[in-house]
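Enquirer: Pasting my_file18.cif below, which is mmCIF, C-alpha atoms and all ligand atoms.
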```
data_coords
#
loop_
_atom_site.label_atom_id
_atom_site.label_comp_id
_atom_site.auth_asym_id
_atom_site.auth_seq_id
_atom_site.Cartn_x
_atom_site.Cartn_y
_atom_site.Cartn_z
CA MET A 29 96.60 136.19 90.81
CA SER A 30 92.98 135.31 90.14
CA LYS A 31 91.80 131.75 90.59
CA LYS A 32 90.62 129.66 87.67
CA HIS A 33 87.41 127.67 87.73
CA VAL A 34 87.87 124.07 86.57
CA THR A 35 85.06 121.70 85.63
CA THR A 36 86.06 118.10 85.21
CA THR A 37 85.02 114.50 85.86
CA VAL A 38 86.65 112.50 88.63
CA ASN A 39 85.97 108.80 88.96
CA GLY A 40 82.81 109.16 86.94
CA ASP A 41 81.38 112.05 88.95
CA PRO A 42 81.29 115.71 87.93
CA ALA A 43 83.71 117.83 89.92
CA GLU A 44 84.63 121.49 89.99
CA PHE A 45 87.07 123.59 91.94
CA LEU A 46 88.90 126.90 92.01
CA THR A 47 92.65 126.82 91.59
CA ASP A 48 95.68 128.99 91.03
CA PRO A 49 97.03 128.71 87.47
CA GLY A 50 100.27 127.17 88.70
CA THR A 51 98.74 124.51 90.94
CA THR A 52 99.39 120.92 89.97
CA LEU A 53 96.60 118.44 89.42
CA LEU A 54 98.04 116.44 92.32
CA ASP A 55 97.67 119.36 94.72
CA ALA A 56 94.16 120.15 93.46
CA LEU A 57 93.06 116.54 93.91
CA ARG A 58 94.45 116.45 97.42
CA ASP A 59 93.70 119.96 98.65
CA GLU A 60 90.58 121.02 96.74
CA LEU A 61 88.80 117.70 96.23
CA GLN A 62 90.14 115.95 99.36
CA LEU A 63 91.23 112.94 97.30
CA THR A 64 94.41 112.23 99.22
CA GLY A 65 95.08 108.74 97.87
CA SER A 66 97.44 110.08 95.21
CA LYS A 67 100.78 110.77 96.91
CA GLU A 68 103.59 113.21 96.33
CA GLY A 69 106.87 111.33 96.43
CA CYS A 70 109.22 113.39 94.30
CA GLY A 71 107.13 116.13 92.69
CA SER A 72 109.23 115.80 89.55
CA GLY A 73 107.83 112.89 87.56
CA ASP A 74 110.32 110.31 88.81
CA CYS A 75 108.47 108.09 91.31
CA GLY A 76 104.93 107.45 90.06
CA ALA A 77 103.32 107.85 93.49
CA CYS A 78 100.99 110.50 92.05
CA SER A 79 99.80 108.40 89.08
CA VAL A 80 96.30 109.06 87.76
CA ILE A 81 94.57 108.24 84.49
CA VAL A 82 93.46 111.18 82.35
CA ASP A 83 91.23 110.42 79.36
CA GLY A 84 92.58 106.88 79.43
CA ARG A 85 96.26 107.83 79.62
CA LEU A 86 98.50 107.24 82.61
CA VAL A 87 99.99 110.52 83.82
CA CYS A 88 101.97 111.84 86.75
CA SER A 89 99.57 114.29 88.36
CA CYS A 90 102.53 116.22 89.81
CA LEU A 91 103.50 117.16 86.26
CA MET A 92 100.05 118.26 85.07
CA LEU A 93 98.46 121.58 85.90
CA ALA A 94 95.09 121.48 87.56
CA VAL A 95 93.69 123.86 84.93
CA GLU A 96 94.53 121.25 82.29
CA ALA A 97 91.91 118.98 83.87
CA GLU A 98 89.18 121.18 82.37
CA GLY A 99 86.79 118.93 80.46
CA ARG A 100 88.90 115.83 81.08
CA ARG A 101 88.02 112.50 82.61
CA ILE A 102 90.21 111.77 85.62
CA GLU A 103 90.55 108.39 87.34
CA THR A 104 92.24 108.21 90.73
CA ILE A 105 92.91 105.45 93.23
CA GLU A 106 89.67 106.38 95.02
CA GLY A 107 87.72 105.13 92.01
CA LEU A 108 89.26 101.67 91.87
CA ALA A 109 87.06 99.82 94.37
CA HIS A 110 83.31 99.58 93.94
CA GLY A 111 81.94 100.41 97.38
CA THR A 112 83.35 97.76 99.69
CA GLU A 113 84.30 95.49 96.79
CA LEU A 114 87.98 95.74 96.07
CA HIS A 115 89.27 95.86 92.51
CA PRO A 116 91.00 92.55 91.63
CA LEU A 117 94.32 94.41 91.61
CA GLN A 118 93.76 95.60 95.17
CA GLN A 119 92.76 92.10 96.27
CA LYS A 120 95.82 90.54 94.66
CA PHE A 121 98.16 93.15 96.16
CA LEU A 122 96.84 92.07 99.56
CA GLU A 123 97.08 88.35 98.81
CA HIS A 124 100.64 88.63 97.50
CA ALA A 125 101.72 91.02 100.27
CA ALA A 126 102.78 93.45 97.56
CA LEU A 127 103.09 96.41 99.91
CA GLN A 128 104.74 97.42 103.14
CA CYS A 129 104.48 101.11 104.05
CA GLY A 130 101.97 101.58 101.22
CA PHE A 131 103.16 104.99 100.09
CA CYS A 132 103.80 103.83 96.53
CA THR A 133 100.76 101.55 96.42
CA PRO A 134 98.09 103.95 95.07
CA GLY A 135 100.36 104.89 92.20
CA LEU A 136 101.28 101.28 91.50
CA LEU A 137 97.62 100.26 91.51
CA VAL A 138 96.56 103.07 89.19
CA ALA A 139 99.47 102.37 86.83
CA SER A 140 98.62 98.66 86.91
CA LYS A 141 95.00 99.40 86.07
CA ALA A 142 96.14 101.50 83.12
CA LEU A 143 98.30 98.58 82.00
CA LEU A 144 95.44 96.08 82.17
CA ASP A 145 93.07 98.53 80.46
CA ALA A 146 95.53 98.68 77.56
CA ASN A 147 96.72 95.07 77.67
CA PRO A 148 94.62 92.52 79.58
CA ASP A 149 97.23 89.78 79.10
CA PRO A 150 100.66 91.32 79.66
CA THR A 151 103.82 89.25 79.84
CA GLU A 152 105.99 89.61 82.93
CA GLU A 153 108.44 91.64 80.89
CA GLN A 154 105.71 93.98 79.68
CA ALA A 155 104.40 94.44 83.22
CA ARG A 156 107.88 95.19 84.55
CA TYR A 157 108.55 97.64 81.75
CA TRP A 158 105.19 99.40 82.23
CA LEU A 159 105.70 99.76 85.98
CA ALA A 160 109.34 100.82 85.73
CA GLY A 161 108.29 104.40 86.49
CA ASN A 162 106.72 103.47 89.83
CA LEU A 163 109.34 103.33 92.55
CA CYS A 164 108.98 101.39 95.78
CA ARG A 165 111.54 101.80 98.50
CA CYS A 166 110.50 98.88 100.69
CA THR A 167 108.69 95.94 99.11
CA GLY A 168 110.74 95.22 96.04
CA TYR A 169 109.02 94.52 92.79
CA ASP A 170 108.60 90.75 92.49
CA LYS A 171 105.48 90.60 94.65
CA VAL A 172 103.96 93.53 92.80
CA ILE A 173 104.51 91.88 89.44
CA ARG A 174 103.10 88.58 90.68
CA ALA A 175 100.02 90.39 92.00
CA VAL A 176 99.46 92.23 88.72
CA LEU A 177 99.80 89.09 86.60
CA ASP A 178 97.52 87.17 88.97
CA ALA A 179 94.90 89.95 88.84
CA ALA A 180 95.14 90.02 85.05
CA ALA A 181 94.51 86.27 84.90
CA GLU A 182 91.53 86.54 87.22
CA MET A 183 90.04 89.43 85.27
CA ARG A 184 90.40 87.50 82.01
CA GLN A 185 88.68 84.53 83.65
CA GLU A 186 85.85 86.74 84.93
CA ARG A 187 85.31 88.07 81.43
CA ARG A 188 85.05 84.52 80.08
CA VAL A 189 82.60 83.28 82.73
CA PRO A 190 79.40 85.35 82.77
CA ALA A 191 78.08 85.82 86.31
S1 LIG B 1 105.23 112.71 92.88
FE1 LIG B 1 104.73 112.66 90.78
S2 LIG B 1 106.16 111.29 89.90
FE2 LIG B 1 106.77 111.45 92.00
S1 LIG B 2 105.53 99.79 100.02
FE1 LIG B 2 106.75 101.38 100.89
S2 LIG B 2 107.40 102.54 99.17
FE2 LIG B 2 106.40 100.84 98.31
#
```
Would you write out, as structure tokens, the structure that this file holds?
Ligand code: FES
Ligand code: FES

Expert:
Amino acid sequence: MSKKHVTTTVNGDPAEFLTDPGTTLLDALRDELQLTGSKEGCGSGDCGACSVIVDGRLVCSCLMLAVEAEGRRIETIEGLAHGTELHPLQQKFLEHAALQCGFCTPGLLVASKALLDANPDPTEEQARYWLAGNLCRCTGYDKVIRAVLDAAAEMRQERRVPA
């Protein structure tokens, strides 16, 4: 089967790759673009480890075909930090010890960013509901939720206080 040429934007940069029509976006990110932060946990849309943001919407990249990325704007975990400066969510995950093995962490961080993009001041209930599709087998969820709410508060404060 002939390969398809895909032109897209990943973390603000133009990107292009060749892919088989049946290849998932997750596999293309990892294997063609060497962006291995997004993980494959289940491959069936159940764990959230592969979460990316496509044109502002949170999606499981294991459920999206790579060819569907044509002309889209993709955000992955690799785009969260600015150089050596961690995103507030990353910093708060560290401060709250919201990870152990870390396998779920890229997906949780991307999903949390999508939450705060949509709702900068979520309640605990809203955060728990939003992240219900991101499974973690080792940390539990309390520390994650505390980290997300703490990051949200800090980001709101940063917006109020001009640097
Ligand atoms: S690997 Fe995509 S949801 Fe689990
Ligand atoms: S930290 Fe291990 S699966 Fe979440």

Enquirer: Taking only residues of chain A that have an atom at most 7 Å from an atom of ligand LIG 2 (chain B), what is each one's shortest atom pair and its distance in Å to one decimal, using all atoms listed in the file, in chain and number order, as JSON lines?

Expert:
```
{"residue": "A:Leu127", "atom": "CA", "partner": "B:LIG2", "partner_atom": "S1", "distance": 4.2}
{"residue": "A:Gln128", "atom": "CA", "partner": "B:LIG2", "partner_atom": "S1", "distance": 4.0}
{"residue": "A:Cys129", "atom": "CA", "partner": "B:LIG2", "partner_atom": "FE1", "distance": 3.9}
{"residue": "A:Gly130", "atom": "CA", "partner": "B:LIG2", "partner_atom": "S1", "distance": 4.2}
{"residue": "A:Phe131", "atom": "CA", "partner": "B:LIG2", "partner_atom": "S2", "distance": 5.0}
{"residue": "A:Cys132", "atom": "CA", "partner": "B:LIG2", "partner_atom": "FE2", "distance": 4.3}
{"residue": "A:Thr133", "atom": "CA", "partner": "B:LIG2", "partner_atom": "FE2", "distance": 6.0}
{"residue": "A:Leu163", "atom": "CA", "partner": "B:LIG2", "partner_atom": "FE2", "distance": 6.9}
{"residue": "A:Cys164", "atom": "CA", "partner": "B:LIG2", "partner_atom": "FE2", "distance": 3.7}
{"residue": "A:Arg165", "atom": "CA", "partner": "B:LIG2", "partner_atom": "S2", "distance": 4.3}
{"residue": "A:Cys166", "atom": "CA", "partner": "B:LIG2", "partner_atom": "FE1", "distance": 4.5}
{"residue": "A:Thr167", "atom": "CA", "partner": "B:LIG2", "partner_atom": "S1", "distance": 5.1}
```

Enquirer: Which distance in Å separates CA of Leu122 (chain A) and CA of Gly71 (chain A), to one decimal?

Expert: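 Value for the CA of Leu122 (chain A)-CA of Gly71 (chain A) distance: 27.1 Å.
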
Enquirer: So that I can check the surroundings of region 141-151 of chain A, please list as an NGL selection string every protein, DNA and RNA residue that reaches within 8 Å of it, counting only C-alpha atoms and ignoring chain neighbours fewer than 6 positions away.

Expert: :A and (81 or 84-86 or 117 or 158 or 177 or 180-181 or 183-184)

Enquirer: Rounded to one decimal in Å, what is the spacing between CA of Gly65 (chain A) and CA of Glu152 (chain A)?

Expert: 26.6 Å

Enquirer: Neighbours of ligand LIG 1 (chain B) at 8 Å or closer, counting only C-alpha atoms and all ligand atoms: which residues, as JSON, numbers by chain?

Expert: {"A": [54, 67, 68, 69, 70, 71, 72, 73, 74, 75, 76, 77, 78, 79, 88, 89, 90, 91, 161, 162]}

Enquirer: Using Å and a single decimal, report how far CA of Gly40 (chain A) sits from CA of Leu53 (chain A).

Expert: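 Rounded to one decimal, the two atoms are 16.8 Å apart.
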
Enquirer: Between A:Arg58, A:Arg156, A:Arg174, A:Arg101, which has the minimum distance to Phe121 (chain A) (counting all atoms listed in the file)?

Expert: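 Selected residue with least distance to Phe121 (chain A): A:Arg174.
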